[in-house]
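Structure file coords32.cif (mmCIF, C-alpha atoms) follows.
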```cif
data_work
loop_
_atom_site.label_atom_id
_atom_site.label_comp_id
_atom_site.auth_asym_id
_atom_site.auth_seq_id
_atom_site.Cartn_x
_atom_site.Cartn_y
_atom_site.Cartn_z
CA MET A 23 14.94 -95.74 57.33
CA GLY A 24 13.72 -94.18 54.05
CA GLN A 25 15.09 -94.39 50.58
CA GLU A 26 16.18 -92.30 47.64
CA VAL A 27 14.21 -92.91 44.44
CA THR A 28 15.25 -91.75 40.97
CA VAL A 29 12.80 -91.47 38.11
CA LEU A 30 14.00 -91.14 34.52
CA SER A 31 11.35 -89.25 32.64
CA ASN A 32 11.54 -91.21 29.40
CA PRO A 33 9.31 -90.05 26.58
CA ASP A 34 8.58 -92.36 23.66
CA GLY A 35 11.76 -93.21 21.83
CA PHE A 36 15.43 -93.14 22.72
CA ASP A 37 17.03 -90.17 24.49
CA ILE A 38 20.83 -90.24 24.77
CA ASP A 39 20.95 -87.87 27.78
CA LEU A 40 18.51 -89.96 29.78
CA PHE A 41 20.18 -93.18 28.68
CA LEU A 42 23.53 -91.92 29.99
CA ALA A 43 21.90 -90.66 33.18
CA GLY A 44 20.53 -94.16 33.72
CA VAL A 45 23.95 -95.71 33.20
CA ALA A 46 25.31 -93.44 35.94
CA ARG A 47 22.65 -94.51 38.49
CA LEU A 48 21.40 -97.70 40.08
CA GLY A 49 17.78 -98.76 40.43
CA GLU A 50 16.24 -95.90 38.47
CA LEU A 51 12.62 -96.11 37.35
CA ASP A 52 11.84 -95.39 33.69
CA VAL A 53 8.41 -93.82 33.31
CA ALA A 54 6.33 -92.42 30.45
CA SER A 55 3.78 -90.26 32.34
CA VAL A 56 2.91 -88.69 35.68
CA ASP A 57 0.48 -91.52 36.45
CA ALA A 58 3.14 -94.13 35.61
CA MET A 59 5.64 -92.29 37.84
CA VAL A 60 3.29 -92.27 40.82
CA GLN A 61 2.55 -95.97 40.36
CA ALA A 62 6.20 -96.94 39.89
CA VAL A 63 7.37 -94.91 42.89
CA SER A 64 4.59 -96.36 45.06
CA ASN A 65 5.54 -99.89 43.99
CA GLN A 66 9.24 -99.20 44.62
CA VAL A 67 8.89 -97.89 48.17
CA GLN A 68 5.95 -100.04 49.30
CA GLY A 69 6.08 -99.80 53.12
CA ASP A 70 9.19 -97.62 53.21
CA LEU A 71 9.26 -93.80 52.95
CA ILE A 72 11.03 -91.57 50.45
CA THR A 73 13.83 -89.33 51.68
CA ARG A 74 14.63 -87.97 48.21
CA LEU A 75 12.76 -88.23 44.91
CA ASN A 76 14.88 -87.29 41.89
CA ILE A 77 12.89 -86.59 38.73
CA VAL A 78 15.34 -86.55 35.82
CA GLY A 79 14.19 -85.39 32.41
CA HIS A 80 13.75 -82.44 30.12
CA GLY A 81 12.43 -79.14 31.39
CA SER A 82 12.18 -75.48 30.55
CA ALA A 83 11.72 -72.17 32.31
CA ALA A 84 7.98 -72.93 32.37
CA SER A 85 7.69 -76.71 32.74
CA PHE A 86 9.08 -80.07 33.76
CA SER A 87 8.51 -83.33 31.98
CA VAL A 88 7.51 -86.72 33.23
CA GLY A 89 7.68 -88.94 30.19
CA ASN A 90 5.26 -87.58 27.62
CA ASP A 91 3.53 -85.31 30.17
CA GLU A 92 4.67 -81.70 30.27
CA VAL A 93 3.68 -80.24 33.64
CA MET A 94 3.12 -76.46 33.72
CA VAL A 95 1.35 -73.98 35.96
CA ILE A 96 -1.53 -73.71 33.47
CA ASN A 97 -2.20 -77.48 33.39
CA PHE A 98 -1.07 -78.43 36.89
CA ASP A 99 -4.61 -79.17 38.11
CA GLN A 100 -4.71 -82.04 35.60
CA PHE A 101 -1.80 -83.75 37.39
CA TYR A 102 -2.57 -82.71 40.99
CA PRO A 103 -4.69 -85.77 41.93
CA SER A 104 -1.94 -88.20 40.89
CA LEU A 105 0.91 -86.20 42.40
CA ARG A 106 -1.02 -85.78 45.66
CA LYS A 107 -0.86 -89.56 46.14
CA LEU A 108 2.89 -89.22 46.66
CA SER A 109 2.42 -86.92 49.67
CA TYR A 110 1.85 -89.95 51.88
CA LYS A 111 5.05 -91.62 50.72
CA PHE A 112 7.61 -89.12 52.06
CA ASP A 113 9.69 -89.23 55.20
CA ALA A 114 9.46 -86.10 57.40
CA ARG A 115 12.82 -84.95 55.94
CA GLY A 116 11.88 -85.91 52.38
CA PHE A 117 12.11 -83.69 49.31
CA VAL A 118 11.83 -83.68 45.51
CA HIS A 119 14.77 -82.71 43.31
CA LEU A 120 13.78 -81.80 39.75
CA GLN A 121 16.89 -82.48 37.68
CA GLN A 122 15.71 -80.76 34.51
CA CYS A 123 16.98 -77.74 32.58
CA GLU A 124 15.79 -74.31 33.75
CA THR A 125 12.82 -75.61 35.77
CA GLY A 126 13.94 -73.61 38.80
CA GLN A 127 13.09 -70.42 36.92
CA CYS A 128 9.37 -71.10 37.48
CA ILE A 129 8.90 -70.73 41.24
CA PRO A 130 5.07 -70.85 40.99
CA LEU A 131 5.36 -74.32 39.45
CA LEU A 132 7.72 -75.48 42.19
CA VAL A 133 5.30 -74.17 44.83
CA LYS A 134 2.39 -76.07 43.22
CA LEU A 135 4.42 -79.27 43.20
CA ALA A 136 5.53 -78.76 46.81
CA GLN A 137 1.92 -78.21 47.85
CA ALA A 138 0.81 -81.36 46.01
CA VAL A 139 3.46 -83.65 47.49
CA GLN A 140 3.72 -81.80 50.83
CA VAL A 141 7.54 -81.65 50.88
CA PRO A 142 10.09 -79.10 49.64
CA VAL A 143 10.99 -79.09 45.94
CA TYR A 144 14.46 -78.14 44.65
CA ALA A 145 15.47 -77.31 41.08
CA GLY A 146 18.21 -75.57 39.14
CA THR A 147 17.73 -72.44 37.08
CA GLY A 148 20.25 -73.33 34.34
CA ASP A 149 21.03 -76.20 32.02
CA GLU A 150 21.16 -79.58 33.73
CA ASN A 151 23.76 -82.29 33.17
CA PRO A 152 21.96 -85.45 34.37
CA VAL A 153 25.05 -87.63 34.03
CA TYR A 154 27.22 -85.55 36.37
CA HIS A 155 24.33 -84.28 38.54
CA PHE A 156 25.18 -80.67 37.83
CA ASN A 157 23.15 -77.55 37.00
CA TRP A 158 24.80 -74.52 35.40
CA GLY A 159 22.51 -72.10 37.24
CA LYS A 160 21.71 -71.58 40.89
CA TYR A 161 19.56 -73.94 42.91
CA VAL A 162 16.22 -72.77 44.26
CA TYR A 163 13.53 -74.31 46.45
CA ALA A 164 9.85 -74.00 47.23
CA THR A 165 7.98 -75.33 50.25
CA PRO A 166 4.37 -76.44 50.77
CA ASP A 167 3.63 -73.19 52.66
CA GLY A 168 4.51 -71.20 49.52
CA SER A 169 7.88 -69.87 50.61
CA SER A 170 10.85 -70.06 48.26
CA GLY A 171 14.50 -69.06 48.04
CA SER A 172 17.98 -69.86 46.75
CA LEU A 173 20.45 -72.46 47.97
CA PRO A 174 24.19 -71.94 48.31
CA SER A 175 24.83 -75.35 46.69
CA ARG A 176 23.24 -78.45 45.21
CA PRO A 177 20.62 -80.21 47.38
#
```

If you took the structure in this file and wrote it as structure tokens, what would it be?
Amino acid sequence: MGQEVTVLSNPDGFDIDLFLAGVARLGELDVASVDAMVQAVSNQVQGDLITRLNIVGHGSAASFSVGNDEVMVINFDQFYPSLRKLSYKFDARGFVHLQQCETGQCIPLLVKLAQAVQVPVYAGTGDENPVYHFNWGKYVYATPDGSSGSLPSRP
């Protein structure tokens, strides 16, 4: 059947935006690093497959965060081995939705992530409201084959 998994990218300390995002969701996973995310997601899905992986946290036009890890094009190779482990966890229709401010502005980063996990990656180009699941910019995507484009609406 497949399942939707939501990860709250909690760095050390309290973050009001992520706290409120967690209140608005059920069954979210709080993680402090890329490695912790991969382990938590793997434990959550076990024999099932992921249809949608939401990664909620703080981002920028050049990065996305997973806990205390800031993932960028220039350091992506450091995280690739861990992220690659998720590629076997997705349903054929599965995708990743980065719910982080401005991350969609860095298409090369989205392509790298899509190639690592072997499913499409979606992100917004503007500020993200994780409580209301809304991005003030447009939504973009990247696929494992390196193609990318814009979406007419939220994934």

Selection result of the PyMOL selection byres ((chain A and resi 51-57) around 8) on this file, as number ranges by chain: A: 27-34, 49-50, 58-63, 88-91, 101, 104-105

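CA of Trp158 in chain A sits 27.1 Å away from CA of Ala138 in chain A.
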
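In this model, the gap between CA of Asn157 in chain A and CA of Cys123 in chain A comes to 7.6 Å.
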
Mind running range 34-144 of chain A against range 168-174 of chain A at 12 Å and telling me each contacting residue's nearest atom pair with the distance in Å (one decimal), counting all atoms listed in the file, chain and number ascending, as a Markdown table?
```
| residue | atom | partner | partner_atom | distance |
| --- | --- | --- | --- | --- |
| A:Gly126 | CA | A:Ser172 | CA | 9.7 |
| A:Gln127 | CA | A:Ser172 | CA | 11.0 |
| A:Cys128 | CA | A:Ser170 | CA | 10.9 |
| A:Ile129 | CA | A:Ser170 | CA | 7.3 |
| A:Pro130 | CA | A:Gly168 | CA | 8.6 |
| A:Leu131 | CA | A:Gly168 | CA | 10.6 |
| A:Leu132 | CA | A:Ser170 | CA | 8.7 |
| A:Val133 | CA | A:Gly168 | CA | 5.6 |
| A:Lys134 | CA | A:Gly168 | CA | 8.2 |
| A:Leu135 | CA | A:Gly168 | CA | 10.3 |
| A:Ala136 | CA | A:Gly168 | CA | 8.1 |
| A:Gln137 | CA | A:Gly168 | CA | 7.7 |
| A:Ala138 | CA | A:Gly168 | CA | 11.4 |
| A:Gln140 | CA | A:Gly168 | CA | 10.7 |
| A:Val141 | CA | A:Gly168 | CA | 11.0 |
| A:Pro142 | CA | A:Ser170 | CA | 9.2 |
| A:Val143 | CA | A:Ser170 | CA | 9.3 |
| A:Tyr144 | CA | A:Leu173 | CA | 8.9 |
```

Give me a file of those residues, with C-alpha atoms, as a PDB file, in the frame of the given file.
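Listing of result.pdb after writing:
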```
ATOM      1  CA  GLY A 126      13.940 -73.610  38.800  1.00  0.00           C
ATOM      2  CA  GLN A 127      13.090 -70.420  36.920  1.00  0.00           C
ATOM      3  CA  CYS A 128       9.370 -71.100  37.480  1.00  0.00           C
ATOM      4  CA  ILE A 129       8.900 -70.730  41.240  1.00  0.00           C
ATOM      5  CA  PRO A 130       5.070 -70.850  40.990  1.00  0.00           C
ATOM      6  CA  LEU A 131       5.360 -74.320  39.450  1.00  0.00           C
ATOM      7  CA  LEU A 132       7.720 -75.480  42.190  1.00  0.00           C
ATOM      8  CA  VAL A 133       5.300 -74.170  44.830  1.00  0.00           C
ATOM      9  CA  LYS A 134       2.390 -76.070  43.220  1.00  0.00           C
ATOM     10  CA  LEU A 135       4.420 -79.270  43.200  1.00  0.00           C
ATOM     11  CA  ALA A 136       5.530 -78.760  46.810  1.00  0.00           C
ATOM     12  CA  GLN A 137       1.920 -78.210  47.850  1.00  0.00           C
ATOM     13  CA  ALA A 138       0.810 -81.360  46.010  1.00  0.00           C
ATOM     14  CA  GLN A 140       3.720 -81.800  50.830  1.00  0.00           C
ATOM     15  CA  VAL A 141       7.540 -81.650  50.880  1.00  0.00           C
ATOM     16  CA  PRO A 142      10.090 -79.100  49.640  1.00  0.00           C
ATOM     17  CA  VAL A 143      10.990 -79.090  45.940  1.00  0.00           C
ATOM     18  CA  TYR A 144      14.460 -78.140  44.650  1.00  0.00           C
TER      19      TYR A 144
END
```

Across A:Val139, A:Phe156, A:Glu150, A:Ala84, the smallest distance to Ala114 in chain A, with only C-alpha atoms counted, is shown by A:Val139

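When CA of Tyr110 in chain A is paired with CA of Ile72 in chain A, their separation reads 9.4 Å.
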
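If all atoms listed in the file are the atoms counted, then among A:Ser109, A:Ser87, A:Ser175, A:Gln68 the closest residue to Val162 in chain A is A:Ser175.
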
Residue by residue, what does the PyMOL selection byres ((chain A and resi 85) around 9) grab here? Present the result as a PyMOL selection string.
chain A and resi 80-84+86-87+92-95+124-125+128+131

Arg115 in chain A proximity check over A:Thr73, A:Gln25, A:Asn65, A:Asn151, using all atoms listed in the file: winner is A:Thr73

- Task: Starting from the shown file, work through the PyMOL selection byres ((chain A and resi 111) around 8) and note down what comes out as a list in words.
- Result: Ser64, Val67, Asp70, Leu71, Ile72, Lys107, Leu108, Ser109, Tyr110, Phe112 and Asp113 of chain A

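Using all atoms listed in the file, the shortest contact distance between Gly146 in chain A and any of A:Asn97, A:Val78, A:Asp167, A:Gly116 is found at A:Val78.
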
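Of the listed residues (A:Gly159, A:Pro166, A:Gly79, A:Gly69), A:Gly79 comes nearest to His119 in chain A; the distances count only C-alpha atoms.
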
Report as lines of an AutoDock Vina configuration file the centre and the edge lengths, in Å to one decimal, of the axis-aligned box holding every listed atom of range 74-77 of chain A, padded by 3 Å on each side.
```
center_x = 13.8
center_y = -87.4
center_z = 43.5
size_x = 8.1
size_y = 7.6
size_z = 15.5
```

- prompt: Hey, what's within 6 Å of Arg74 in chain A if we count only C-alpha atoms and toss same-chain stuff fewer than 6 positions away? As a VMD selection string, please?
  reply: chain A and resid 26 116 to 118

With C-alpha atoms kept, could you save the residues just selected as an mmCIF file, keeping the file's coordinate frame?
```cif
data_model
loop_
_atom_site.group_PDB
_atom_site.id
_atom_site.type_symbol
_atom_site.label_atom_id
_atom_site.label_comp_id
_atom_site.auth_asym_id
_atom_site.auth_seq_id
_atom_site.Cartn_x
_atom_site.Cartn_y
_atom_site.Cartn_z
ATOM 1 C CA GLU A 26 16.180 -92.300 47.640
ATOM 2 C CA GLY A 116 11.880 -85.910 52.380
ATOM 3 C CA PHE A 117 12.110 -83.690 49.310
ATOM 4 C CA VAL A 118 11.830 -83.680 45.510
#
```
